[in-house]
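Okay, structure first, notes after.
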Amino acid sequence: MESTEIASWIEGHLPETMLFIGGILAILIVICYIKDKDSLTYKFMMFLGLIFGVIMLYESMTMYGEWRMVTSVFVAVAGFALVIRPFREVHFAVIFALMVMVLVYISFAGFEGYMLFDSVDMTFLSEGWPRIIAAFLCGAVVYMVLNFAESIVKLFGKILNWWPLLLVLGIVCVVEAGFMYMGYGSIMDYIDTSAITV
């Protein structure tokens with residue numbers, strides 16, 4: 001097959017291709033993790049999973065409505081699991097809060113001589129302890145909000161990245177891709193049909 005034929009084939013089978021590659025990556029990550037979680041191979045697989053997971057999330061959002069709902073959900077969940085794995089122990093809330101504190105502290109320098117509603121002099125926020133306290137309070141608010149959001153995301157990330165569940169997710173993605181490619185629809189169609197006939 002020429003490169004244009006390969007590209008057109010992938011475009012025509014994009015969801016199943018993404019599910020297959022994402023599923024294989026998830027399975028390889030689990031295998032490398034079980035063998036040696038400190039190995040370069042495992043870290044490289046996580047890196048590949050991160051890159052492909054971002055692509056999967058992007059495609060699941062942009063193709064929403066064009067793919068079947070179950071396909072979009074499988075692609076999005078697998079993409080999220082691959083993306084969040086390297087960042088399970090990173091505290092983004094602290095990093096963003098510190099960035100906000102620095103930005104607020106810097107921007108408050110512009111309050112010197114500033115009049116709010118032409119009646120309140122805001123100069124006091126541009127110097128000394130009021131400026132430091134205001135920057136700290138802004139950072140604290142951002143930290144509280146992001147820490148809550150981060151905790152929810154990491155909870156789902158840890159559940160999906162528990163290696164037995166990640167292995168099952170990878171296998172499900174590969175099987176789903178196979179069903180779609182062979183024209184059998186989805187695993188969910190089979191589950192629904194078997195539930196009705198039993």
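The way I read the labels, and the way they are meant: chains A, B, ... in the order of the structure tokens, residue 1 as the first residue of every chain, and ligand 1 as the first ligand shown, with later ones counted on from there.
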
Could you pull the residues within 6 Å of region 27-29 of chain A, counting only C-alpha atoms, minus those fewer than 4 positions along the same chain, as a ChimeraX atom specification? /A:33,45,167,170

Can you write just those residues out, N, CA and C atoms, as a JSON list (two decimals), in the first residue's frame?
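Okay, part23.json is ready:
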[["chain", "number", "residue", "atom", "x", "y", "z"],
["A", 33, "TYR", "N", 5.26, -2.45, 33.30],
["A", 33, "TYR", "CA", 5.13, -2.10, 34.72],
["A", 33, "TYR", "C", 5.35, -3.33, 35.60],
["A", 45, "MET", "N", 7.19, 3.74, 27.26],
["A", 45, "MET", "CA", 5.81, 3.36, 26.94],
["A", 45, "MET", "C", 4.82, 4.37, 27.52],
["A", 167, "LEU", "N", -5.21, -3.15, 32.22],
["A", 167, "LEU", "CA", -5.07, -4.30, 31.33],
["A", 167, "LEU", "C", -6.42, -4.66, 30.70],
["A", 170, "GLY", "N", -7.34, -2.06, 28.16],
["A", 170, "GLY", "CA", -6.58, -2.26, 26.93],
["A", 170, "GLY", "C", -7.16, -3.39, 26.09]]

Using only C-alpha atoms, determine which residues lie at most 9 Å from Cys138 (chain A), disregarding the query and same-chain residues fewer than 2 positions distant; provide the list as a PyMOL selection string. chain A and resi 97+100-101+104+133-136+140-143

Preceding selection exported with N, CA and C atoms as a PDB file, in the first residue's frame:
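Result file is result_36.pdb:
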ATOM      1  N   ALA A  97      -1.015  27.535  41.649  1.00  0.00           N
ATOM      2  CA  ALA A  97      -1.232  28.530  42.707  1.00  0.00           C
ATOM      3  C   ALA A  97      -0.006  29.427  42.863  1.00  0.00           C
ATOM      4  N   VAL A 100       0.059  31.850  39.999  1.00  0.00           N
ATOM      5  CA  VAL A 100      -0.931  32.915  40.195  1.00  0.00           C
ATOM      6  C   VAL A 100      -0.423  33.925  41.211  1.00  0.00           C
ATOM      7  N   MET A 101       0.177  33.445  42.302  1.00  0.00           N
ATOM      8  CA  MET A 101       0.709  34.361  43.314  1.00  0.00           C
ATOM      9  C   MET A 101       1.750  35.301  42.714  1.00  0.00           C
ATOM     10  N   VAL A 104      -0.009  37.760  40.245  1.00  0.00           N
ATOM     11  CA  VAL A 104      -0.795  38.775  40.974  1.00  0.00           C
ATOM     12  C   VAL A 104       0.138  39.781  41.629  1.00  0.00           C
ATOM     13  N   ILE A 133       0.047  39.972  50.893  1.00  0.00           N
ATOM     14  CA  ILE A 133      -1.133  39.270  51.421  1.00  0.00           C
ATOM     15  C   ILE A 133      -2.163  39.041  50.319  1.00  0.00           C
ATOM     16  N   ALA A 134      -2.401  40.055  49.487  1.00  0.00           N
ATOM     17  CA  ALA A 134      -3.373  39.919  48.390  1.00  0.00           C
ATOM     18  C   ALA A 134      -2.944  38.828  47.421  1.00  0.00           C
ATOM     19  N   ALA A 135      -1.646  38.795  47.082  1.00  0.00           N
ATOM     20  CA  ALA A 135      -1.129  37.764  46.173  1.00  0.00           C
ATOM     21  C   ALA A 135      -1.269  36.377  46.801  1.00  0.00           C
ATOM     22  N   PHE A 136      -0.984  36.289  48.100  1.00  0.00           N
ATOM     23  CA  PHE A 136      -1.109  35.013  48.810  1.00  0.00           C
ATOM     24  C   PHE A 136      -2.560  34.536  48.831  1.00  0.00           C
ATOM     25  N   ALA A 140      -4.109  31.207  47.271  1.00  0.00           N
ATOM     26  CA  ALA A 140      -4.788  30.238  48.135  1.00  0.00           C
ATOM     27  C   ALA A 140      -6.145  29.844  47.565  1.00  0.00           C
ATOM     28  N   VAL A 141      -6.888  30.817  47.020  1.00  0.00           N
ATOM     29  CA  VAL A 141      -8.191  30.523  46.429  1.00  0.00           C
ATOM     30  C   VAL A 141      -8.029  29.611  45.210  1.00  0.00           C
ATOM     31  N   VAL A 142      -7.072  29.957  44.352  1.00  0.00           N
ATOM     32  CA  VAL A 142      -6.803  29.131  43.170  1.00  0.00           C
ATOM     33  C   VAL A 142      -6.390  27.725  43.593  1.00  0.00           C
ATOM     34  N   TYR A 143      -5.553  27.620  44.622  1.00  0.00           N
ATOM     35  CA  TYR A 143      -5.110  26.312  45.104  1.00  0.00           C
ATOM     36  C   TYR A 143      -6.291  25.473  45.596  1.00  0.00           C
TER      37      TYR A 143
END

Compile the contact shell of region 148-162 of chain A as a list in words: residues with an atom at most 8 Å away, counting only C-alpha atoms, same-chain residues fewer than 3 positions apart removed.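 Selected residues are Phe80, Ala81, Ile84, Arg85, Arg88, His91, Phe92, Ala93, Met144, Val145, Leu165 and Leu166 of chain A.
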
Output for the residues just chosen: C-alpha atoms as a PDB file, in the first residue's frame:
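Contents of part.pdb, freshly written:
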ATOM      1  CA  PHE A  80      -7.633   9.829  29.744  1.00  0.00           C
ATOM      2  CA  ALA A  81      -6.092   6.720  31.326  1.00  0.00           C
ATOM      3  CA  ILE A  84      -3.035  10.807  33.451  1.00  0.00           C
ATOM      4  CA  ARG A  85      -0.660   7.899  34.201  1.00  0.00           C
ATOM      5  CA  ARG A  88      -0.533  10.710  39.051  1.00  0.00           C
ATOM      6  CA  HIS A  91       0.600  18.327  42.282  1.00  0.00           C
ATOM      7  CA  PHE A  92      -0.555  20.751  39.616  1.00  0.00           C
ATOM      8  CA  ALA A  93      -2.625  22.761  42.092  1.00  0.00           C
ATOM      9  CA  MET A 144      -8.332  25.328  46.906  1.00  0.00           C
ATOM     10  CA  VAL A 145     -10.354  25.203  43.691  1.00  0.00           C
ATOM     11  CA  LEU A 165      -8.107  -2.469  35.308  1.00  0.00           C
ATOM     12  CA  LEU A 166      -5.756  -0.839  32.778  1.00  0.00           C
TER      13      LEU A 166
END

For Pro15 (chain A), which residue among A:Phe96, A:Tyr42, A:Phe47, A:Phe179 is the nearest when counting only C-alpha atoms?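 Distance minimum relative to Pro15 (chain A) lands on A:Phe179.
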
Restricting the calculation to only C-alpha atoms, which member of A:Leu14, A:Lys35, A:Asn147, A:Trp129 is positioned closest to Glu66 (chain A)?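 Residue with the minimum atom-to-atom distance to Glu66 (chain A): A:Leu14.
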
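Comparing the minimum interatomic distances between Met69 (chain A) and each of A:Met18, A:Leu103, A:Met188, A:Val172, counting only C-alpha atoms, we find that A:Met188 sits nearest.
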
Determine the nearest neighbour of Leu19 (chain A) from the options A:Met56, A:Leu82, A:Thr62, A:Leu146, counting only C-alpha atoms.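 Of the candidates, the smallest distance to Leu19 (chain A) is held by A:Met56.
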
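CA of Thr17 (chain A) is positioned 23.2 Å from CA of Thr41 (chain A).
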
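Proximity to Ile171 (chain A) at 12 Å, evaluated using only C-alpha atoms and with sequence-adjacent residues fewer than 4 positions away removed, yields Leu19, Phe20, Ile21, Gly22, Gly23, Ile24, Leu25, Ala26, Ile27, Leu28, Val30, Phe74, Ala78, Pro164, Leu165, Leu166, Leu167, Val175, Glu176, Ala177, Gly178 and Ile187 of chain A.
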
Keeping only C-alpha atoms, write the selected residues to a file as a compact mmCIF listing (two decimals), in the first residue's frame.
# COMPACT_ATOMS: atom_id res chain seq x y z
CA LEU A 19 -8.86 2.06 19.92
CA PHE A 20 -6.49 -0.65 18.68
CA ILE A 21 -3.31 1.43 19.14
CA GLY A 22 -4.50 2.82 22.51
CA GLY A 23 -5.40 -0.68 23.70
CA ILE A 24 -2.04 -2.12 22.64
CA LEU A 25 -0.22 0.75 24.39
CA ALA A 26 -2.22 0.15 27.60
CA ILE A 27 -1.38 -3.57 27.51
CA LEU A 28 2.32 -2.87 26.85
CA VAL A 30 0.99 -2.98 32.08
CA PHE A 74 -14.16 4.16 24.87
CA ALA A 78 -8.64 5.09 27.20
CA PRO A 164 -5.47 -5.00 36.36
CA LEU A 165 -8.11 -2.47 35.31
CA LEU A 166 -5.76 -0.84 32.78
CA LEU A 167 -5.07 -4.30 31.33
CA VAL A 175 -11.59 -6.25 21.05
CA GLU A 176 -13.84 -3.25 20.36
CA ALA A 177 -11.55 -2.22 17.49
CA GLY A 178 -11.75 -5.77 16.09
CA ILE A 187 -19.08 -4.92 22.34

Atom pair CA of Phe44 (chain A) / CA of Met63 (chain A): separation (Å): 28.2 Å

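Between Pro86 (chain A) and the residues A:Ile132, A:Leu50, A:Cys32, A:Met99, the shortest atom-to-atom distance, using only C-alpha atoms, involves A:Leu50.
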